[in-house]
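Peer 1: Have a look at this one.
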Amino acid sequence: MSFILRNREIALAIIIALMVTGIGIYAPPFVSPDNISYVLDDTSILFMMVLGQMMVILTRGIDLSVASNIALSGMISASLAESSPNLPVITYIALAIVTGTILGLINGSLIAFVGIPPIVMTLGTLAAFRGLIVVYGGGNQVNASEMGAVFQGFPKIPILGVTSTFWIMVALSIGVFVFLNMTRAGRGLYAVGGNPEAARYCGIDLSRQQLLVYTLSGAIAGLCGYLWTARYGVAYSEIASGFELTVIAACVIGGVSIAGGVGTVPGALLGALFLGVIVNALPVMQITPFWQMAISGFVILTAVILNARSEKRGIKLILPEARRAAGGTP
Amino acid sequence: MNDTSPSIATKRQPVADKAPWSLADFVLRWESILVLLLIAVVIGNTWRSPYFLDIYNLSDATQNFAEKAIVALPMALLILVREIDLSVAAIIALASLMTGLAAQAGVPAPLLFLVGPLVGMACGLFNGTLVTRIGLPSIVVTIGTMSLFRGIAQVVLGDQVIATYPSGYTDYGQSYLIKWPPLYLSFIIFLVLAVVFALVLHRTAFGRKLYAIGNNPVAARFSGIPVERIRFWLFVLTGLLAGLAAALLTARIGSTRPNIALGWELEIITMVILGGVSIAGGSGTIHGVMLAVFIIGLIIFGLSLLNVPGIVISVLLGTLLILSLAAPLLLRRLLRR
Amino acid sequence: MSILSLSHISKSFPGVRALHDISFELEAGMVTALIGENGAGKSTIVKILTGIYTPDKGTLTVNGTQRSFSSPRDSWAAGIAAIHQETVMFDELSVAENIFMGHMPTGKGNLVDWPEMRRRTAGLLQRVEANFGPDTKLKDLSVAQKHLVEIMRALSHDASLIIMDEPTAALSRNEIEDLFRIVAQLKAEGRAIVFISHKFDEIFAVADRYVCLRDGEKVGEGDIKQVTEPELVRLMVGRPIDQVFPKRDIAIGNAVLSVKDFSNATEFADISFELHRGEILGFYGLVGAGRSEVMQCLFGLSAPARGSIVLEGKPVSFSAPDQSIAAGIAYVPEDRQHQGAVLPMGIRDNVTLASILQHVRGLFLNRHSEQDAVRKLGTRLDVRAANWEQRLQELSGGNQQKVVIAKWLATKPKVIILDEPTKGIDVGSKAAVHDFIGELAEEGLAVILVSSELPEIMGLSDRVVVMREGRIVSTFARNSWSAEAIVGAATGAREAA
C-alpha cells in the first residue's frame with residue numbers, strides 16, 4: 001500500500017482506471033474500443049506537448065510559448081499546403097518542425113546566453129509568436145478546403161485501429177523516454193534541475209541544457225502545429241489559444257515538480273491522459289463542456305497540494321536520540 | 001592583530017551622506033530610458049496620425065488601459081516580493097460574473113460596484129492562503145486558480161451573455177466623470193491609486209519592508225519583518241483591485257461573457273516588467289510602472305488609430321518585453337568587459 | 001611519493017588575505033590532517049584543490065606535472081575528489097546515478113549502460129560494505145549513507161586524492177568507525193587523503209601527518225605521532241590569548257535573561273543558563289552542536305520550544321522575530337550574506353531595517369532621521385564606505401558585518417546575541433568587532449557570543465557554555481578554564497571537568 005502511495009505513477013494510473021470504470025458503468029459506450037481509440041487520438045497532441053514541457057520544467061524552467069508556437073508553425077505549414085497542395089506530406093511536416101525548432105531556439109538562446117528568466121522570455125514570445133501569424137498570413141484563415149487532401153489525410157491514417165497521430169505520439173514518447181533515461185544529456189537534465197550547483201561540479205553545463213530543452217520543446221510544438229491544423233482542418237491566429245496552461249496542468253498532475261529535477265515520461269503521459277479522459281467523459285456524462293476548465297483548475301490545485309504534503313521539511317537532527325529515531329544508524 | 005588595532009582610531013575617512021550625483025547613472029536609469037521611449041511614442045504617434053493629440057481621443061485611449069493599469073500596481077508589489085499572480089484575468093471574469101448575477105438579482109447600481117472588489121478579495125484570500133500558508137509556488141497555484149476561477153464563470157455562464165446592467169451602473173463606465181478635462185472614472189481611479197502606491201512604496205516603512213523582502217527574504221525575516229503575512233495581504237490586495245477592475249470593465253462594456261479579459265494577465269505583467277520591476281524581486285518603482293502603462297497604452301492606441309490589428313501589436317509588445325530585459329543584461333555584460 | 005604538492009600558494013579576496021605562501025605535499029598512502037580554526041584558510045585550500053578558486057600566486061603539481069584548474073571539472077579530471085560537509089548531490093536520483101553523474105558508462109549508440117553502471121555500483125557498495133542498493137533514491141538515505149555515496153563517487157573515478165571536509169560532523173560513533181575503516185582501506189590502496197576535522201581524537205586516530213594553518217599561513221606540519229593534543233591546540237590558537245584580547249573590567253549586574261529547560265524535538269534539549277547585565281556569555285562547541293539553533297529559537301525564528309524564558313523578570317515566548325525585537329533582543333546571525341545583510345540594498349536602508357518604525361513621522365519615513373541614525377551608528381562602528389547609500393555588496397565582508405551589527409544596535413536591545421560575528425572577515429575588522437563587543441558590555445548590554453574560535457571566546461567571555469550534540473555539557477568560569485578543557489568538553493574526547 002505504501003509503495004502505491006509513494007509511487008505516483010501507479011497511484012495516478014489507478015485513479016484513471018477507477019475513473020474510466022466508473023464512467024464506463026454509467027455510460028458503456030465510453031469504454032467501447034472505438035471510443036477509446038478516439039480518446040487516445042484526441043489526447044495525442046497533449047501527450048506530445050507534455051513531453052516537451054516536462055523536459056523544460058525539469059531544468060527549473062517553463063515554456064509558456066508552446067501554444068503560440070503550435071499556431072504559428074501550423075499556419076506556416078498550412079500556408080505551404082494552400083499554395084502547393086500536392087507536395088509529399090513529409091515536406092509540410094518538416095516545415096512545421098523546422099519552424100517550431102527555430103522558435104524554440106530563439107527562446108533557448110536568449111534564456112541560456114543572455115540570461116532572461118524563462119517565464120518572462122516565453123511570456124514575451126507567447127504574445128509575439130501569435131502576433132506573427134497575422135503578420136505572416138495577413139490575418140487570413142486557411143480552411144479545410146484550401147489545405148488539400150494530402151495535408152489533411154496523413155494524421156488520420158488508421159494503423160492497427162488507431163490513427164497515425166497516435167503512433168507518432170508513441171514513437172516520440174519512446175524517443176523521449178530513451179533520451180531521458182539512457183543518455184548522459186538526459187540524466188543531466190535531472191541533475192541540473194535537482195541541484196544546479198552540484199551539477200556544475202559534475203561538469204554539466206546549464207546553458208547548453210537550457211538551449212537543448214527549449215529547442216526540443218519548440219520542435220515538438222512545431223510537429224504538433226502540423227498535426228493540429230491538419231486534424232482540425234483550420235489554421236488561424238487563435239488556434240490552441242490557452243493550450244499552454246492545459247499542458248502545464250497535465251505536467252503538474254503527472255508529478256512533474258515545478259521546482260525542477262522531478263518528473264518521468266510515464267507520469268507526464270498519465271497526467272495528460274487524466275485530463276484527456278475528463279475532457280472526453282464530460283459529454284458522455286452529459287455534463288456541459290463548460291465544466292472542463294473548472295475541473296482542470298481544481299485538479300491542478302489538488303495535485304500541487306498533495307505534492308507539497310509529501311515533501312518533508314528539512315529539520316536538523318542534532319540530538320543523538322533524534323538521529324537514532326530517524327534511523328541514521330543502519 | 002596587535003599591530004592593526006591602533007590604526008582603527010587613526011585612519012578615518014569621512015563618509016558622505018549620499019551617493020554622488022552622476023549624469024551617467026541618471027541617464028542609464030531605467031525610468032529615464034522609459035521617459036525617452038514615451039516621448040518617442042508620442043512623437044511617432046503625432047507624426048503618423050493627426051487625431052492622436054486630440055484631448056478627447058487621448059481620454060478615450062485611457063479607457064483601453066486604465067483597468068489593466070489598476071491591476072498592474074498591486075502586481076508590481078507582488079513581483080517585487082518574488083511572487084506572481086497569473087489568475088488576475090480569471091478573477092476579473094469571476095468578479096464580472098458575480099456583478100452580473102447581482103445585477104440580475106436587482107442589486108441597485110451603486111452597490112454593484114462593491115460586488116467585484118469583494119469577489120476579487122475572496123479570490124485573493126484563496127491564492128494567498130495556498131501560497132503563504134501551505135507554502136506552494138505562486139506560479140503553479142495561480143495557474144490552477146486561473147483555470148478554476150474562469151472555469152467557474154464558464155460553468156455558470158455557458159455560452160450566455162449577461163447584458164442586463166442598469167444604466168446607473170454602466171454610465172460610470174461609459175461617460176466622463178469629469179467634463180473638463182474629460183476624464184473617465186477608471187483613469188481617475190488609476191491616477192489616485194498610482195499616487196497612493198508610489199507614496200506607500202517609496203515613502204513608508206511598509207514600502208521599505210517590501211524591498212527588503214524582495215532582495216533577501218531570509219534576512220528580512222531575521223530582521224523582524226513578517227514576510228509571509230505581507231505576501232498574503234499583497235495577494236488579497238491584488239485580488240481586490242482585480243475585482244475593482246472587473247467592476248469598471250463590466251460597467252464600460254455593459255456585458256459579461258466567459259472570455260472577458262482573456263489574456264489580460266500577460267498584458268498586466270508586461271506593463272510591470274517593462275516598468276523595470278525585476279522578476280527576481282527587489283527592484284522596481286511605481287513611476288517606472290506608470291511610464292510603462294502609458295507607453296503600452298499609447299502604442300496600442302496609436303497603432304489602432306492606424307488600423308493595425310490588435311494581434312500584430314502583440315508582436316511588438318512581446319518583443320518590447322524581451323528587449324527590455326535583454327538590453328540591460330547585454331549592456332552590463334559589455335560594460336564588464 | 002608525492003601525489004600533489006602545493007608551493008607558495010597565495011589567495012586574497014577584497015579586504016581579506018585568505019592564504020599566504022602556503023606550501024606542503026600530500027603523499028600517497030598517507031592521511032594528512034588539515035587543522036586550524038574556522039577562518040584559518042582550510043576551506044580556501046579545499047576550494048583551490050577542487051577548482052572552485054584559482055590561486056593568485058603559486059603552483060599546484062599533480063603527479064609530477066604542474067596543473068592549473070579553471071573549473072571543478074579540471075580538478076576532477078586530475079584525480080581529485082572532495083567529500084563535503086553538507087553533501088551536495090541529487091536527492092531525487094538513484095545511488096548509481098549520483099555516483100556516476102557526469103561520467104556514466106555508455107555502451108552501444110552512446111546510450112547509458114545501466115546494467116554496467118549498476119554492476120559497478122554494486123561492486124563499490126560491496127567495497128564500502130554498504131547495506132543499500134544501487135537503485136535506492138538518495139533522499140531515502142541517512143546522512144552517513146550519503147557520505148558513503150560521496151566516497152563511492154570518489155572511488156568510481158579512481159581518484160588519487162580524496163579530500164574529506166569534516167566528514168564526521170553528522171555521524172554517530174558506529175558510523176565514524178565505519179568511515180575510519182574505509183579510510184584505512186583507501187590508504188592501503190595508495191591514495192592520498194586530506195582529512196579535515198575539529199575533533200582531535202579523530203585526528204589522532206586516523207591521520208599520519210598534520211598541516212596546521214592559522215590566519216591564512218602555515219604554522220606547522222609534521223608527523224602526528226610527534227605531537228600531543230595540547231601542542232596542536234597551541235599551534236592552532238597561536239599567541240597567548242590574554243594579549244590579543246585585553247578583557248575589560250566590567251561589573252556584572254542583575255540577571256537579564258534566564259532560560260530554563262529549553263528543548264525542542266530534534267535540535268537541542270535541556271538548555272538552561274542565565275545572562276546578566278554587562279556580561280559576555282560565550283557559547284562554544286563544534287560546528288553543528290546546536291548553538292545557532294538554540295539562539296534562533298530563542299529569537300522566535302523557529303517553532304517555539306518547551307521550557308521557559310524569563311526576560312527582565314517577565315516570562316516571555318516569541319513566535320516571530322518582531323516580538324523578540326520589541327522585547328529587546330537582537331540576533332546577529334551566523335550567515336552574514338544570507339541571513340544578516342540585504343546585499344543589494346544600501347548601508348542606510350540596511351541599518352534602519354529592523355528599527356524602521358523609529359523613523360516614521362506621521363505616515364512617512366523621515367530621511368533626515370534615518371540619515372542621523374546611520375551617521376551615528378556607522379561612525380561608531382567605523383564602517384568604511386564611500387557614502388551611506390553605497391550598496392552592501394560593494395563593501396568588504398568586515399564592513400558588511402559592521403553594518404549588520406549597526407542594524408541591531410539601532411533596535412536598542414537589552415540582550416544582543418552575536419552568532420559567529422567575525423566569521424570570514426579580515427583581521428582589522430575582526431579587532432574592531434572584538435573591541436566593540438567589549439564596549440557593548442561596558443554599556444550594560446547583556447551579550448551572548450556564539451563562536452567556534454577559541455581565542456575569541458576565551459578572550460572576550462566572562463563565562464563559557466560548551467555545547468555538544470544539542471546539549472550543554474559544561475560551563476566554565478573565566479578564572480578556572482583552559483583551552484584544553486574547553487576543547488575537550490566540546491569534542492567529547494575526554495570527560496569535562
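In the C-alpha cells, the first chain shown is A, the next is B, and so on; residue numbers restart at 1 for each chain, and ligands run from 1 in the order shown.
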Show me, as CSV, the residues of chain C having an atom within 6 Å of chain A, each with the closest atom pair and its distance in Å, using only C-alpha atoms.
Peer 2:
residue,atom,partner,partner_atom,distance
C:Pro72,CA,A:Tyr201,CA,5.3
C:Arg73,CA,A:Gly203,CA,5.2
C:Val88,CA,A:Ala198,CA,5.6
C:Met89,CA,A:Ala198,CA,5.7
C:Phe90,CA,A:Gly194,CA,5.8
C:Gly102,CA,A:Cys202,CA,5.0
C:Leu111,CA,A:Thr183,CA,5.1
C:Val112,CA,A:Met182,CA,4.7
C:Ser142,CA,A:Gly328,CA,5.2
C:Thr266,CA,A:Ala322,CA,5.2
C:Glu267,CA,A:Ile318,CA,4.8
C:Glu469,CA,A:Leu319,CA,5.4
C:Gly470,CA,A:Leu319,CA,5.2
Peer 1: For the selection just defined, write its residues with N, CA, C and O atoms to a file, as a compact mmCIF listing (two decimals), in the first residue's frame.
Peer 2:
# COMPACT_ATOMS: atom_id res chain seq x y z
N PRO C 72 35.72 22.98 -11.56
CA PRO C 72 35.69 21.74 -10.77
C PRO C 72 35.97 20.53 -11.66
O PRO C 72 36.54 19.53 -11.22
N ARG C 73 35.56 20.64 -12.91
CA ARG C 73 35.76 19.56 -13.87
C ARG C 73 37.25 19.23 -14.03
O ARG C 73 37.63 18.07 -14.08
N VAL C 88 26.53 17.57 -1.28
CA VAL C 88 25.92 18.29 -2.40
C VAL C 88 25.66 17.29 -3.51
O VAL C 88 26.51 17.01 -4.33
N MET C 89 24.49 16.72 -3.50
CA MET C 89 24.18 15.73 -4.52
C MET C 89 22.73 15.81 -4.94
O MET C 89 22.06 16.78 -4.68
N PHE C 90 22.27 14.77 -5.62
CA PHE C 90 20.94 14.81 -6.22
C PHE C 90 19.98 13.90 -5.47
O PHE C 90 19.99 12.69 -5.64
N GLY C 102 27.86 12.68 -14.70
CA GLY C 102 28.97 13.36 -15.37
C GLY C 102 29.95 12.40 -16.02
O GLY C 102 30.70 12.79 -16.90
N LEU C 111 24.47 5.11 -25.65
CA LEU C 111 23.42 5.09 -24.63
C LEU C 111 24.03 4.66 -23.29
O LEU C 111 24.99 3.88 -23.25
N VAL C 112 23.43 5.18 -22.23
CA VAL C 112 23.92 4.84 -20.90
C VAL C 112 23.76 3.34 -20.66
O VAL C 112 22.70 2.77 -20.90
N SER C 142 20.33 7.94 4.92
CA SER C 142 20.70 8.79 6.05
C SER C 142 21.93 9.61 5.65
O SER C 142 22.55 9.35 4.61
N THR C 266 14.21 17.87 17.96
CA THR C 266 15.34 17.20 17.33
C THR C 266 16.65 17.95 17.44
O THR C 266 17.70 17.40 17.10
N GLU C 267 16.62 19.23 17.86
CA GLU C 267 17.83 20.04 17.73
C GLU C 267 18.58 20.28 19.03
O GLU C 267 19.81 20.30 19.05
N GLU C 469 26.34 18.03 20.71
CA GLU C 469 25.18 17.26 20.28
C GLU C 469 23.88 17.74 20.90
O GLU C 469 23.09 16.98 21.42
N GLY C 470 23.68 19.06 20.83
CA GLY C 470 22.40 19.62 21.24
C GLY C 470 22.22 19.83 22.73
O GLY C 470 21.14 20.21 23.17
Peer 1: Write down, as a PyMOL selection string, each residue of chain B that has any atom within 6 Å of an atom of chain C, counting only C-alpha atoms.
Peer 2: chain B and resi 4+15-19+203-204+216+218-219+223-224
Peer 1: Find the residues near Ser65 of chain A: any atom within 8 Å, counting only C-alpha atoms, skip ones fewer than 4 places away on the same chain, and give them as a PyMOL selection string.
Peer 2: chain A and resi 69+122-127+129+244
Peer 1: Those selected residues, please, written with C-alpha atoms and delivered as an mmCIF file, in the first residue's frame.
Peer 2:
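Generated file (again00.cif):
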data_model
loop_
_atom_site.group_PDB
_atom_site.id
_atom_site.type_symbol
_atom_site.label_atom_id
_atom_site.label_comp_id
_atom_site.auth_asym_id
_atom_site.auth_seq_id
_atom_site.Cartn_x
_atom_site.Cartn_y
_atom_site.Cartn_z
ATOM 1 C CA ASN A 69 4.296 28.017 -31.444
ATOM 2 C CA THR A 122 8.306 32.786 -23.056
ATOM 3 C CA LEU A 123 5.610 35.192 -21.920
ATOM 4 C CA GLY A 124 7.024 37.595 -24.468
ATOM 5 C CA THR A 125 7.215 35.042 -27.249
ATOM 6 C CA LEU A 126 3.745 33.786 -26.345
ATOM 7 C CA ALA A 127 2.462 37.162 -27.485
ATOM 8 C CA PHE A 129 4.605 34.263 -31.990
ATOM 9 C CA GLU A 244 -0.054 26.050 -22.775
#
Peer 1: If we count only C-alpha atoms, which residues of chain A reach to within 8 Å of chain B? Please list them as a ChimeraX atom specification.
Peer 2: /A:110,114-117,120-121,123-132,134-135,245,249,258,288,290-301,304-305,308
Peer 1: Enumerate the residues of segment 222-340 of chain C with a DSSP assignment of strand (DSSP E or B), computed from the backbone, and present them as a ChimeraX atom specification.
Peer 2: /C:222-223,255-263,271-276,280-285,306-311,314-316,329-332
Peer 1: Could you give me, as number ranges by chain, the residues within 8 Å of Met54 of chain A, counting only C-alpha atoms and dropping anything in the same chain fewer than 6 positions from it?
Peer 2: A: 251, 256, 263, 268
Peer 1: With C-alpha atoms kept, could you save the residues just selected as a short mmCIF file (atom, residue, chain, number, x, y, z; two decimals), in the first residue's frame?
Peer 2:
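File produced: result-v9.cif:
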data_model
loop_
_atom_site.label_atom_id
_atom_site.label_comp_id
_atom_site.auth_asym_id
_atom_site.auth_seq_id
_atom_site.Cartn_x
_atom_site.Cartn_y
_atom_site.Cartn_z
CA CYS A 251 2.65 18.06 -16.15
CA VAL A 256 6.49 16.93 -12.67
CA GLY A 263 9.29 14.02 -13.44
CA ALA A 268 3.62 13.06 -17.54
#
Peer 1: Going by DSSP on the backbone, which residues of segment 240-411 of chain C come out as alpha helix (DSSP H)? List them as a ChimeraX atom specification.
Peer 2: /C:241-244,291-298,321-327,347-351,367-380,397-409
Peer 1: Any idea what the distance is between atom CA of Ser145 of chain A and atom CA of Val234 of chain A?
Peer 2: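 It comes out at 9.1 Å.
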Peer 1: Quick one: residues within 10 Å of Leu112 of chain B, only C-alpha atoms, excluding same-chain residues fewer than 3 positions away - as a PyMOL selection string?
Peer 2: chain B and resi 98-103+106-109+115-117+165-166+168-169+247+251
Peer 1: Take the residues from that selection and write them out as a compact mmCIF listing (two decimals), in the first residue's frame, keeping N, CA, C and O atoms.
Peer 2:
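part_14.txt, written as the output of this step:
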# COMPACT_ATOMS: atom_id res chain seq x y z
N MET B 98 -20.16 37.67 -11.08
CA MET B 98 -20.91 37.87 -9.85
C MET B 98 -21.64 39.22 -9.87
O MET B 98 -22.77 39.34 -9.40
N THR B 99 -20.95 40.22 -10.46
CA THR B 99 -21.60 41.52 -10.59
C THR B 99 -22.86 41.36 -11.46
O THR B 99 -23.92 41.93 -11.16
N GLY B 100 -22.71 40.58 -12.53
CA GLY B 100 -23.85 40.35 -13.42
C GLY B 100 -24.98 39.65 -12.70
O GLY B 100 -26.15 40.05 -12.82
N LEU B 101 -24.65 38.63 -11.92
CA LEU B 101 -25.69 37.91 -11.18
C LEU B 101 -26.37 38.84 -10.19
O LEU B 101 -27.58 38.79 -10.00
N ALA B 102 -25.56 39.69 -9.56
CA ALA B 102 -26.12 40.64 -8.60
C ALA B 102 -27.05 41.61 -9.31
O ALA B 102 -28.14 41.94 -8.81
N ALA B 103 -26.64 42.04 -10.51
CA ALA B 103 -27.48 42.97 -11.28
C ALA B 103 -28.79 42.28 -11.63
O ALA B 103 -29.88 42.88 -11.52
N GLY B 106 -31.25 42.27 -9.00
CA GLY B 106 -31.83 43.57 -8.69
C GLY B 106 -31.06 44.40 -7.69
O GLY B 106 -31.61 45.29 -7.07
N VAL B 107 -29.78 44.10 -7.51
CA VAL B 107 -28.96 44.93 -6.62
C VAL B 107 -28.83 46.32 -7.25
O VAL B 107 -28.54 46.43 -8.44
N PRO B 108 -29.05 47.38 -6.47
CA PRO B 108 -29.01 48.74 -7.05
C PRO B 108 -27.61 49.13 -7.53
O PRO B 108 -26.61 48.60 -7.05
N ALA B 109 -27.57 50.06 -8.47
CA ALA B 109 -26.35 50.42 -9.18
C ALA B 109 -25.13 50.72 -8.30
O ALA B 109 -24.07 50.13 -8.53
N VAL B 115 -19.58 44.60 -5.52
CA VAL B 115 -19.56 43.14 -5.70
C VAL B 115 -18.20 42.67 -6.22
O VAL B 115 -17.59 41.75 -5.67
N GLY B 116 -17.74 43.32 -7.28
CA GLY B 116 -16.47 42.91 -7.90
C GLY B 116 -15.33 42.89 -6.90
O GLY B 116 -14.68 41.85 -6.71
N PRO B 117 -15.07 44.04 -6.22
CA PRO B 117 -13.96 44.04 -5.26
C PRO B 117 -14.09 42.96 -4.18
O PRO B 117 -13.10 42.34 -3.79
N TYR B 165 -27.43 45.26 -17.39
CA TYR B 165 -26.92 46.13 -16.35
C TYR B 165 -27.69 47.44 -16.34
O TYR B 165 -27.98 47.99 -17.40
N PRO B 166 -28.03 47.92 -15.13
CA PRO B 166 -28.76 49.20 -15.07
C PRO B 166 -27.87 50.34 -15.60
O PRO B 166 -26.65 50.30 -15.43
N GLY B 168 -27.61 53.21 -14.49
CA GLY B 168 -26.97 53.91 -13.38
C GLY B 168 -25.59 53.32 -13.08
O GLY B 168 -24.75 53.98 -12.48
N TYR B 169 -25.39 52.09 -13.52
CA TYR B 169 -24.10 51.44 -13.32
C TYR B 169 -23.20 51.66 -14.53
O TYR B 169 -22.05 52.12 -14.41
N ALA B 247 -15.24 45.50 -11.98
CA ALA B 247 -16.41 46.37 -11.83
C ALA B 247 -16.39 47.46 -12.90
O ALA B 247 -17.40 47.76 -13.53
N ALA B 251 -18.83 47.74 -16.26
CA ALA B 251 -19.62 48.96 -16.46
C ALA B 251 -19.32 49.55 -17.84
O ALA B 251 -20.22 50.04 -18.52
Peer 1: Could you please determine the separation between atom CA of Phe206 of chain B and atom CA of Ala410 of chain C in Å, to one decimal place?
Peer 2: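 Computing it gives 17.9 Å between the two atoms.
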